[in-house]
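In what follows, a structure is listed as structure tokens, so that the remarks can point back to it.
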Amino acid sequence: MQPGYFVLPLLLALPLLGAIFVMCTPKEEHALHRGIGLFFTTLTFAVSLLTLSYFNKTVAGYQEVLDVPWIPGLGAHFKVGIDGISLWLVLLTTFLMPITMLAAHKAIDRHVREFTAAMLILEVGMIGAFISLDVFLFYVMWEVMLIPMYLLIGIWGGQRRLYASIKFVLYTMVGSLLMLVAILYLYTQYGSVTGEYTTDLEKLTSLVLPHNAQVWCFVAFALAFAIKVPLFPLHTWLPDAHVEAPTAGSVILAGVMLKFGIFGFLRFAIPLFPYGAQVCAPYIGVLAVIGIIYGALVAFAQDDVKKLVAYSSVSHLGFCVLGVFAMNSAGISGSIFAMLSHGLTTGGLFLGIGMLYERRHTRRLAEYGGIWKQMPVFSALFLIITMGSAGLPGLSGFIGEFLSLFGTFNAEQSSLPMPRLLGALAATGVILGAVYLLYMFQKVFFGKLDKTKNGNLPDMSDRELVVFLPLVLGIFILGVAPRPLLRSMEPSVDAFVNQYHNKLVEPDGPAHLQGHAAPTAAADAVNAPRADAGNGVERDLGKIAAQAREVERTLDAANRAPAAARVAGGAQ
Amino acid sequence: MTDTSLQFAGIPLVAWVAALPLLGAFINLLFGRAMSRSMVHVVAVASVAAAFGVAAYLVFGPLLTQFRAHEGEGGVEISRTLWTWIEVGPADSVFKVDLAFRLDTLSGVMVLIITGVGTLIHLYSTGYMSEEPRYAAYFGYLNLFTGAMLILVLGANLPVMFIGWEGVGLCSFLLIGFWFENESYATAGRKAFVVNRIGDFAFLLGMFLLWWVTKSLDFNDIREVAQQGSSQLTSDPHFMGFDRWATIICVLLFIGACGKSAQVPLYVWLPDAMAGPTPVSALIHAATMVTAGVYMVCRLSFLFSLSTTAMLIVATVGTITALAAAFMAFAQTDLKKVLAYSTVSQLGFMFVAAGTGNWVAAIFHLGTHAFFKAGLFLGAGSVMHGMNGSGDITRMGGLRKHMKTTRATFLIYCLAIAGIFPFAGFFSKDEILGGAWAAHLEGWGAYGKVLFVALSLAALGTAFYMWRLYFLVFSGEERSEDAKHAHESPWTMTVPLVVLAALTAVAGFLAFPHLHSLDSKYLHLLSGWLEPAVDGATEAHNADGTTYLLLAIALGIGALGIGIAYSLYGRGPSAKVAGWTAEGEPLHEAYEASKNKLWVDEIYEVIFLKPFRFLARFLFEFVDRFVIDTILVGGWAFLVGLFSRLMRWVQNGQVQRYIVGMVVGAAAIFFFVSRGHSPTFSYKEVPAGVELRAEPGEGLAGVGATYQWDLDGDGQPDRKPGAKPDATDAAAFVSDPVLTVKAGDLAASGVTLWIKPPGGKKAVSVTRAIQFDSPERAAAEGGK
């Protein structure tokens with residue numbers, strides 16, 4: 001048992017417990033429900049800080065791992081753990097939850113009990129998906145978080161909530177089903193190579209599939225994740241979902257759920273199928289750049305504030321995707337950092353829009369103007385968040401954007417085509433970001449206070465201040481002192497990059513374990529186990545021989561002529 | 001290695017210089033609403049004044065000591081690192097940026113100008129903005145700006161400089177749009193930020209490329225690589241084409257400088273920026289922020305001097321800007337607009353200095369310009385304050401009677417900017433002109449002389465439009481009620497005017513013209529002082545005789561400009577000019593062009609903004625809504641929906657419909673099966689030879705069909721052995737569906753089969769070549 005193994009299951013248990021608990025309370029006790037929601041999410045956040053204290057920032061592998069057999073017939077384990085990549089994303093989730101719960105106090109006034117339960121279940125799903133080290137568990141968690149979000153949009157949403165929620169679910173489902181097919185294929189391949197049927201991610205990662213299978217599997221995974229990101233042109237569910245979702249849903253959707261796309265690439269798609277990633281990277285990279293520019297341009301064309309911010313996510317997440325496929329630590333660290341920053345800034349923007357909506361019940365830019373005069377404190381804080389989103393140096397957005405662009409610029413190791421040109425095109429997002437964000441800011445906060453309805457809007461309440469301040473502080477802290485975060489990601493990110501390159505050099509051929517490449521390795525294995533066989537040192541001889549024969553047979557069936565040649569060569 | 005000297009409260013003094021104004025901003029922005037007005041401005045002024053004190057101590061104390069002890073290249077600096085800001089990558093290829101500050105002789109000059117002029121302008125603001133309801137916000141922003149500007153100049157590497165670089169952009173945005181209730185002011189602020197961002201985009205790319213080439217963004221490291229770069233060009237493959245990269249990097253960084261320092265084509269934001277309060281125009285849009293680009297180019301002098309191409313671009317853009325902006329200033333009637341175009345033009349002068357490798361002159365003019373242009377703006381503010389806020393010079397005139405101090409100081413500034421001895425502008429402008437004349441960069445030829453002529457023209461224009469302004473404001477008779485009742489401003493506003501005028505009067509002596517006969521280091525204080533920080537390799541000097549001649553020319557040009565202005569505007573608006581520029585007169589077009597600022601804003605509107613807005617709308621309405629969402633996404637949904645509707649219609653529980661379905665289905669199956677596939681025959685090797693098998697198709701097609709074979713390749717159906725030669729009935733031909741023949745009996749041209757379906761339909765013929773898998777058969781076949 002690793003130190004701190006109990007923390008992660010606790011992070012899943014607490015919100016689950018809260019959800020069960022809140023459902024046992026009387027239906028009309030709204031204050032109680034809100035209190036329970038706030039209490040459990042805050043408690044979860046506090047407990048999640050424990051992960052930090054147990055986390056060793058100099059180690060690359062998974063930490064605080066708990067591995068319990070779950071479904072023996074399937075080989076599925078309840079295996080959870082974190083590394084430098086998921087650590088901060090988990091913290092982002094637990095950090096945003098209490099803020100969101102508090103922000104929803106006024107906006108959600110019906111079915112509060114169910115709302116609280118849905119949010120708590122959502123938290124379980126999100127944390128679970130971040131910490132799963134078992135593809136089956138991951139898939140379950142991935143689907144678990146889908147349902148509460150569907151309910152959030154569908155029950156507490158706006159005018160076209162049904163359309164938006166169904167679109168959201170169907171879109172995500174299409175992607176995840178293809179991913180499931182790829183998971184099953186991987187599962188059977190691993191089983192047929194090793195004889196052990198398991199869904200353990202670390203074990204599956206050591207399997208090297210034939211190149212064409214890698215491409216297909218990668219595409220299946222990538223589709224699921226690209227929809228989630230969302231990558232152009234799979235993004236149209238997002239504006240609808242955001243516009244119709246209640247503020248809490250938007251915050252969580254943009255703040256956390258979109259990150260699963262990037263996280264999925266980092267945790268699953270690329271490590272499992274590096275060759276597929278290499279083949280697809282040019283397309284994904286180009287789509288990411290298109291998304292950055294396109295998202296920004298379309299955001300500029302909006303007259304609905306929420307839609308504008310929704311499209312800005314398409315643009316911002318493009319930087320993250322690009323950074324990941326730069327395949328160097330600057331790009332990937334930058335991408336992760338940009339995700340954290342985006343969680344704070346875009347979460348903040350949605351919260352702010354929610355506060356305005358609660359006052360004016362409209363999101364149309366034309367209905368606002370001159371709000372600064374009426375709500376100076378709110379406006380100033382909103383400006384800081386806007387600037388954080390626009391990537392002003394010294395605030396959080398800059399670091400992520402800068403590093404992912406920097407990584408792209410120096411992505412000679414990746415298969416991105418013309419990385420410097422891509423980087424330069426992506427960097428136009430820096431200009432465009434300022435264009436649409438400041439346009440929005442001016443339309444809402446500057447100008448004459450000439451709409452009578454805006455004339456008596458109250459400035460922020462204390463509750464709203466409590467909602468905003470942690471975000472603003474976070475934006476400042478991440479912008480001024482990003483190094484502790486970057487350092488704690490570094491070992492995991494470096495290991496990720498190394499693993500990608502190591503696995504990439506594995507030869508094409510039938511599925512085999514990493515470091516046990518056929519055909520020469522198989523031939524060697526028959527005679528004597530390789531001394532340097534990294535993954536299966538302790539494996540018994542007979543098993544290796546059996547496996548080698550299996551490999552040999554498959555190979556023969558697949559390609560006779562080289563086999564004959566080899567025999568002939570061996571005879572000489 | 002942390003140097004613990006020169007610290008206060010555990011924080012290095014260098015950092016305090018920038019931290020003090022930031023602290024002031026923090027206090028005023030957070031608690032200012034609860035503080036009294038006097039408290040607000042005490043905090044604001046004191047924080048900047050304290051920063052000035054600390055900076056002065058550092059520059060005239062430790063830095064000067066180092067400077068005195070120093071011999072040769074580099075090394076005069078106080079560098080302190082606060083903490084590591086960004087660090088990514090494995091140990092062997094780490095990308096590390098320290099939050100580090102460096103005070104050297106160059107940044108020392110800048111820091112003194114910023115905090116010094118800044119203090120005066122803060123003081124001035126307490127008078128000018130005394131009626132402002134958002135008093136604390138104003139001072140908070142102003143302090144924030146000062147802090148950001150100090151980070152910009154003190155940053156020891158490009159990313160830290162970039163913090164300040166964008167920080168001042170933010171403050172500029174906030175202060176231009178300070179009176180945001182006026183929509184056009186808010187738009188001006190946004191325009192400033194966005195245009196600056198265009199420059200920042202290039203700055204960012206330049207930074208990335210620079211790291212890619214040098215693997216560091218620290219100025220000292222870049223300098224080291226740059227100085228090796230020129231010698232290692234051929235030996236070290238890593239530096240292959242460093243000069244080429246230097247050009248691209250320098251041009252990218254210079255585009256950044258164009259944004260910040262308002263050069264063509266990115267200058268358009270600066271005239272609009274006059275929407276901000278006048279002290280802001282003085283501090284940000286004249287004295288400090290807009291000079292950041294010049295500072296950056298000088299900071300990277302060693303890099304720019306690697307590329308004559310980049311230098312050429314810098315000098316050319318500077319010249320074009322100087323000329324164009326001077327031209328646009330001619331016909332402006334707004335006091336601040338004239339000054340704005342003047343600033344753009346003067347910044348062009350500074351870039352010419354930088355582009356001719358005359359770094360010291362660039363910084364020199366930056367400094368003197370900071371004094372007299374800040375003074376001009378503050379003077380303008382004072383005039384507008386006295387005129388109830390109006391800046392329309394056609395409504396002024398005769399103000400010399402009402403505003404004595406303002407007028408006297410304004411006179412000094414106007415003399416200085418026109419380049420009249422002994423005021424600062426005379427010296428600094430002459431340094432630039434002389435440097436341009438002497439410039440002999442590789443491959444330039446006589447280009448320096450061209451620059452000189454163009455700049456002289458711009459200088460003539462400068463003297464003219466500034467004195468036109470002066471005469472229209474202060475001379476002649478009052479042309480409005482406001483002018484008649486104008487009053488002098490309070491002491492908080494006039495004291496800064498006097499101090500700046502004094503500085504304008506004496507600052508020129510910091511750098512005397514380079515005369516060999518006057519070779520004393522006390523006459524070239526500035527160039528000696530800046531020598532450790534900037535690259536001096538390309539600095540060139542003229543012979544003494546030439547220098548005297550150029551001085552005389554410069555002075556003559558200044559006097560000429562003033563003379564023209566006097567003859568036309570000496571007594572108020574000129575009837576002559578009005579006559580020349582009336583409709584149909586020769587100067588009408590030129591006047592209109594100047595008045596409408598060469599229609600640049602209108603042109604940009606048509607070629608950039610409108611297409612941009614259209615593209616955004618098009619992408620959203622057509623591509624996003626229609627193509628992607630309606631056709632692609634909605635299309636799938638529609639197909640699925642269509643299918644489900646069909647299925648619903650079919651499966652509605654009526655037995656009749658099911659029977660119809662069954663009948664239709666059965667018919668379909670029947671049709672499909674009976675249609676058969678294209679008839680053919682197959683063959684396979686058997687021990688006895690080759691077995692040919694007719695395949696008429698599946699289903700009914702094969703029932704009752706008749707066959708005829710042509711095995712010998714004569715094109716006619718083979719007859720059965722022994723059949724009558726003229727018999728045509730079916731029995732006479734080989735008609736078995738399956739037959740086995742010896743391989744040798746088959747024709748090389750292939751076998752043909754005629755299939756005649758039942759019911760009198762036409763026969764179909766199929767011809768196939770027979771190929772053998774086994775070599776023996778092939779040999780047998782080949783042997784035939």
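By order in the structure tokens, chains are A, B, ...; within a chain, residues start at 1; ligands start at 1, following the order shown.
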- Item | Contact residues around Gly154 in chain A with only C-alpha atoms at 7 Å, ignoring same-chain residues under 5 positions, as a PyMOL selection string | chain A and resi 161-162+165
Kindly save the residues from that selection, with all heavy atoms included, as a PDB file, in the first residue's frame.
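result-v1.pdb written:
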```
ATOM      1  N   ARG A 161     -33.700  23.653 -23.361  1.00  0.00           N
ATOM      2  CA  ARG A 161     -32.843  22.770 -22.584  1.00  0.00           C
ATOM      3  C   ARG A 161     -32.909  21.324 -23.059  1.00  0.00           C
ATOM      4  O   ARG A 161     -31.919  20.612 -23.023  1.00  0.00           O
ATOM      5  CB  ARG A 161     -33.189  22.859 -21.106  1.00  0.00           C
ATOM      6  CG  ARG A 161     -34.639  22.597 -20.780  1.00  0.00           C
ATOM      7  CD  ARG A 161     -34.842  22.685 -19.276  1.00  0.00           C
ATOM      8  NE  ARG A 161     -36.221  22.436 -18.911  1.00  0.00           N
ATOM      9  CZ  ARG A 161     -37.123  23.397 -18.784  1.00  0.00           C
ATOM     10  NH1 ARG A 161     -36.780  24.641 -19.002  1.00  0.00           N
ATOM     11  NH2 ARG A 161     -38.359  23.106 -18.442  1.00  0.00           N
ATOM     12  N   LEU A 162     -34.081  20.902 -23.546  1.00  0.00           N
ATOM     13  CA  LEU A 162     -34.180  19.510 -23.966  1.00  0.00           C
ATOM     14  C   LEU A 162     -33.311  19.248 -25.183  1.00  0.00           C
ATOM     15  O   LEU A 162     -32.547  18.286 -25.238  1.00  0.00           O
ATOM     16  CB  LEU A 162     -35.638  19.162 -24.273  1.00  0.00           C
ATOM     17  CG  LEU A 162     -36.476  18.953 -23.022  1.00  0.00           C
ATOM     18  CD1 LEU A 162     -37.890  18.559 -23.396  1.00  0.00           C
ATOM     19  CD2 LEU A 162     -35.836  17.885 -22.140  1.00  0.00           C
ATOM     20  N   SER A 165     -29.657  19.317 -24.099  1.00  0.00           N
ATOM     21  CA  SER A 165     -29.188  18.196 -23.275  1.00  0.00           C
ATOM     22  C   SER A 165     -29.108  16.922 -24.102  1.00  0.00           C
ATOM     23  O   SER A 165     -28.174  16.140 -23.965  1.00  0.00           O
ATOM     24  CB  SER A 165     -30.108  18.014 -22.065  1.00  0.00           C
ATOM     25  OG  SER A 165     -31.420  17.784 -22.515  1.00  0.00           O
TER      26      SER A 165
END
```
- For Thr346 in chain A, list every protein, DNA or RNA residue within 12 Å, evaluated using only C-alpha atoms, and leave out those in the same chain fewer than 4 positions away; present the list as a VMD selection string. chain A and resid 96 242 247 250 to 256 258 306 308 to 317 338 to 342 350 to 353 382 384 to 391 396 to 397 437 471 to 472 475
- Query: chain B residues within 8 Å of chain A, counting only C-alpha atoms: which ones, as a ChimeraX atom specification?
  - Reply: /B:84-90,95,162-163,166-167,180-183,186-187,190,193-194,197-198,201,205,208-209,212,613,615-617,619-620,624,628-629
- Between CA of Thr405 in chain B and CA of Ile420 in chain B, distance in Å (one decimal): 20.3 Å
- May I have all residues of range 35-118 of chain A that DSSP, computed from the backbone, assigns to strand (DSSP E or B), given as a ChimeraX atom specification? /A:63-71,76-82
Can you write just those residues out, N, CA and C atoms, as a PDB file, in the first residue's frame?
```pdb
ATOM      1  N   GLN A  63       0.943   7.667  -7.865  1.00  0.00           N
ATOM      2  CA  GLN A  63       1.126   7.692  -6.421  1.00  0.00           C
ATOM      3  C   GLN A  63      -0.222   7.563  -5.742  1.00  0.00           C
ATOM      4  N   GLU A  64      -0.127   7.257  -4.447  1.00  0.00           N
ATOM      5  CA  GLU A  64      -1.324   7.095  -3.619  1.00  0.00           C
ATOM      6  C   GLU A  64      -2.264   6.076  -4.271  1.00  0.00           C
ATOM      7  N   VAL A  65      -1.639   5.012  -4.809  1.00  0.00           N
ATOM      8  CA  VAL A  65      -2.420   4.031  -5.563  1.00  0.00           C
ATOM      9  C   VAL A  65      -3.153   3.083  -4.640  1.00  0.00           C
ATOM     10  N   LEU A  66      -4.391   2.837  -4.975  1.00  0.00           N
ATOM     11  CA  LEU A  66      -5.141   1.788  -4.284  1.00  0.00           C
ATOM     12  C   LEU A  66      -5.634   0.825  -5.358  1.00  0.00           C
ATOM     13  N   ASP A  67      -5.308  -0.459  -5.185  1.00  0.00           N
ATOM     14  CA  ASP A  67      -5.662  -1.444  -6.212  1.00  0.00           C
ATOM     15  C   ASP A  67      -6.436  -2.568  -5.565  1.00  0.00           C
ATOM     16  N   VAL A  68      -7.721  -2.650  -5.862  1.00  0.00           N
ATOM     17  CA  VAL A  68      -8.570  -3.691  -5.288  1.00  0.00           C
ATOM     18  C   VAL A  68      -9.252  -4.425  -6.433  1.00  0.00           C
ATOM     19  N   PRO A  69      -9.181  -5.760  -6.456  1.00  0.00           N
ATOM     20  CA  PRO A  69      -9.903  -6.477  -7.516  1.00  0.00           C
ATOM     21  C   PRO A  69     -11.377  -6.132  -7.434  1.00  0.00           C
ATOM     22  N   TRP A  70     -11.979  -6.011  -8.595  1.00  0.00           N
ATOM     23  CA  TRP A  70     -13.360  -5.518  -8.603  1.00  0.00           C
ATOM     24  C   TRP A  70     -14.274  -6.554  -9.250  1.00  0.00           C
ATOM     25  N   ILE A  71     -14.068  -6.814 -10.517  1.00  0.00           N
ATOM     26  CA  ILE A  71     -14.874  -7.827 -11.204  1.00  0.00           C
ATOM     27  C   ILE A  71     -13.905  -8.882 -11.713  1.00  0.00           C
ATOM     28  N   ALA A  76     -11.309  -6.670 -14.161  1.00  0.00           N
ATOM     29  CA  ALA A  76     -11.383  -5.243 -13.839  1.00  0.00           C
ATOM     30  C   ALA A  76     -11.015  -5.019 -12.386  1.00  0.00           C
ATOM     31  N   HIS A  77     -10.246  -3.972 -12.155  1.00  0.00           N
ATOM     32  CA  HIS A  77      -9.840  -3.615 -10.804  1.00  0.00           C
ATOM     33  C   HIS A  77     -10.408  -2.265 -10.451  1.00  0.00           C
ATOM     34  N   PHE A  78     -10.626  -2.069  -9.168  1.00  0.00           N
ATOM     35  CA  PHE A  78     -10.856  -0.710  -8.706  1.00  0.00           C
ATOM     36  C   PHE A  78      -9.479  -0.153  -8.386  1.00  0.00           C
ATOM     37  N   LYS A  79      -8.868   0.457  -9.387  1.00  0.00           N
ATOM     38  CA  LYS A  79      -7.493   0.923  -9.198  1.00  0.00           C
ATOM     39  C   LYS A  79      -7.456   2.416  -9.435  1.00  0.00           C
ATOM     40  N   VAL A  80      -7.089   3.144  -8.392  1.00  0.00           N
ATOM     41  CA  VAL A  80      -7.018   4.596  -8.530  1.00  0.00           C
ATOM     42  C   VAL A  80      -5.649   5.084  -8.085  1.00  0.00           C
ATOM     43  N   GLY A  81      -5.235   6.196  -8.632  1.00  0.00           N
ATOM     44  CA  GLY A  81      -3.952   6.794  -8.271  1.00  0.00           C
ATOM     45  C   GLY A  81      -3.805   8.093  -9.020  1.00  0.00           C
ATOM     46  N   ILE A  82      -2.835   8.883  -8.605  1.00  0.00           N
ATOM     47  CA  ILE A  82      -2.633  10.153  -9.305  1.00  0.00           C
ATOM     48  C   ILE A  82      -1.162  10.307  -9.659  1.00  0.00           C
TER      49      ILE A  82
END
```
- Message: Which residues are close to range 724-735 of chain B, i.e. within 12 Å by only C-alpha atoms, leaving aside same-chain residues fewer than 6 positions away? Reply as JSON, numbers by chain.
- Response: {"B": [692, 693, 694, 705, 706, 707, 708, 709, 710, 711, 712, 716, 717, 718, 741, 752, 753, 754, 755, 756]}
Could you pull the residues within 7 Å of Gly276 in chain B, counting only C-alpha atoms, minus those fewer than 6 positions along the same chain, as an mmCIF file with C-alpha atoms, in the first residue's frame?
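Final file, around.cif:
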```cif
data_model
loop_
_atom_site.group_PDB
_atom_site.id
_atom_site.type_symbol
_atom_site.label_atom_id
_atom_site.label_comp_id
_atom_site.auth_asym_id
_atom_site.auth_seq_id
_atom_site.Cartn_x
_atom_site.Cartn_y
_atom_site.Cartn_z
ATOM 1 C CA LEU B 175 -6.826 55.122 -18.610
ATOM 2 C CA ILE B 176 -7.774 55.942 -22.198
ATOM 3 C CA GLY B 177 -11.198 54.582 -21.439
ATOM 4 C CA PHE B 178 -11.210 56.139 -17.994
#
```
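The gap separating CA of Asn28 in chain B from CA of Asp462 in chain A is 21.0 Å, in Å to one decimal.
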- Message: I need the residues in range 351-438 of chain A that are alpha helix (DSSP H) according to DSSP; give them as a ChimeraX atom specification.
- Response: /A:351-360,371-374,376-390,396-409,419-438
- Task: Would you mind listing what lies within 8 Å of Val321 in chain A as a PyMOL selection string, with only C-alpha atoms counted and same-chain residues fewer than 4 positions away left out?
- Result: chain A and resi 262+284-285+288+317+325+335
- Task: Tell me which protein, DNA and RNA residues are within 6 Å of range 9-25 of chain A, counting only C-alpha atoms, leaving out same-chain ones fewer than 3 positions away, and put them as a PyMOL selection string.
- Result: chain A and resi 6+40+44+117+120+124
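Every protein or nucleic acid residue with an atom no more than 10 Å from Leu180 in chain A, counting only C-alpha atoms and leaving out same-chain residues fewer than 3 positions away, appears here: Val135, Phe136, Tyr139, Gly175, Ser176, Leu177, Ile183, Leu184, Tyr185, Leu186, Cys217, Ala220, Phe221 and Ala224 of chain A.
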Since we have the selection now, will you write its residues out, keeping N, CA and C atoms, as a PDB file, in the first residue's frame?
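Result file is selection-v3.pdb:
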```
ATOM      1  N   VAL A 135      -9.044   0.955 -17.263  1.00  0.00           N
ATOM      2  CA  VAL A 135      -9.861   1.518 -18.334  1.00  0.00           C
ATOM      3  C   VAL A 135     -11.342   1.244 -18.127  1.00  0.00           C
ATOM      4  N   PHE A 136     -11.656   0.128 -17.509  1.00  0.00           N
ATOM      5  CA  PHE A 136     -13.068  -0.162 -17.280  1.00  0.00           C
ATOM      6  C   PHE A 136     -13.654   0.816 -16.273  1.00  0.00           C
ATOM      7  N   TYR A 139     -14.090   4.077 -17.885  1.00  0.00           N
ATOM      8  CA  TYR A 139     -15.258   4.162 -18.755  1.00  0.00           C
ATOM      9  C   TYR A 139     -16.532   4.328 -17.940  1.00  0.00           C
ATOM     10  N   GLY A 175     -19.074   9.295 -29.330  1.00  0.00           N
ATOM     11  CA  GLY A 175     -17.638   9.192 -29.144  1.00  0.00           C
ATOM     12  C   GLY A 175     -17.274   8.096 -28.183  1.00  0.00           C
ATOM     13  N   SER A 176     -17.985   8.032 -27.056  1.00  0.00           N
ATOM     14  CA  SER A 176     -17.534   7.093 -26.039  1.00  0.00           C
ATOM     15  C   SER A 176     -17.803   5.648 -26.454  1.00  0.00           C
ATOM     16  N   LEU A 177     -18.822   5.426 -27.298  1.00  0.00           N
ATOM     17  CA  LEU A 177     -19.061   4.046 -27.726  1.00  0.00           C
ATOM     18  C   LEU A 177     -17.921   3.540 -28.601  1.00  0.00           C
ATOM     19  N   ILE A 183     -11.451  -0.079 -26.592  1.00  0.00           N
ATOM     20  CA  ILE A 183     -11.029  -0.653 -25.308  1.00  0.00           C
ATOM     21  C   ILE A 183     -11.163  -2.165 -25.353  1.00  0.00           C
ATOM     22  N   LEU A 184     -12.305  -2.633 -25.897  1.00  0.00           N
ATOM     23  CA  LEU A 184     -12.522  -4.085 -25.957  1.00  0.00           C
ATOM     24  C   LEU A 184     -11.463  -4.758 -26.833  1.00  0.00           C
ATOM     25  N   TYR A 185     -11.164  -4.121 -27.947  1.00  0.00           N
ATOM     26  CA  TYR A 185     -10.144  -4.689 -28.824  1.00  0.00           C
ATOM     27  C   TYR A 185      -8.804  -4.795 -28.099  1.00  0.00           C
ATOM     28  N   LEU A 186      -8.466  -3.715 -27.423  1.00  0.00           N
ATOM     29  CA  LEU A 186      -7.206  -3.689 -26.689  1.00  0.00           C
ATOM     30  C   LEU A 186      -7.182  -4.776 -25.617  1.00  0.00           C
ATOM     31  N   CYS A 217      -7.451   2.360 -33.374  1.00  0.00           N
ATOM     32  CA  CYS A 217      -7.823   2.531 -31.970  1.00  0.00           C
ATOM     33  C   CYS A 217      -7.646   3.975 -31.546  1.00  0.00           C
ATOM     34  N   ALA A 220     -10.488   5.991 -32.690  1.00  0.00           N
ATOM     35  CA  ALA A 220     -11.688   5.765 -31.885  1.00  0.00           C
ATOM     36  C   ALA A 220     -11.610   6.524 -30.569  1.00  0.00           C
ATOM     37  N   PHE A 221     -10.467   6.444 -29.902  1.00  0.00           N
ATOM     38  CA  PHE A 221     -10.293   7.194 -28.651  1.00  0.00           C
ATOM     39  C   PHE A 221     -10.348   8.687 -28.934  1.00  0.00           C
ATOM     40  N   ALA A 224     -13.692  10.310 -29.274  1.00  0.00           N
ATOM     41  CA  ALA A 224     -14.367  10.543 -27.992  1.00  0.00           C
ATOM     42  C   ALA A 224     -13.799  11.783 -27.319  1.00  0.00           C
TER      43      ALA A 224
END
```
- Query: Hey, which of B:Phe421, B:Tyr341, B:Phe471, B:Phe372 ends up closest to Ile393 in chain B? Count only C-alpha atoms.
  - Reply: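 The closest residue to Ile393 in chain B is B:Phe471.
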- Task: Between B:Met149, B:Ile412, B:Val663, B:Ala202, single out the one closest to Met289 in chain B, counting only C-alpha atoms.
- Result: B:Met149
- Using only C-alpha atoms, which of the listed residues (B:Leu530, B:Val76, B:Leu58, B:Ala362) sits closest to Leu13 in chain B?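 Using only C-alpha atoms, Leu13 in chain B sits closest to B:Leu58.
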- Item | For CA of Ile108 in chain A and CA of Gly347 in chain A, the interatomic separation in Å (one decimal) |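 Spanning CA of Ile108 in chain A to CA of Gly347 in chain A is a straight-line distance of 17.5 Å.
Of the residues listed (B:Gly445, B:Gly61, B:Gly381, B:Gly476), B:Gly476 shows the shortest atom-to-atom separation from Gly397 in chain B; distances use only C-alpha atoms.
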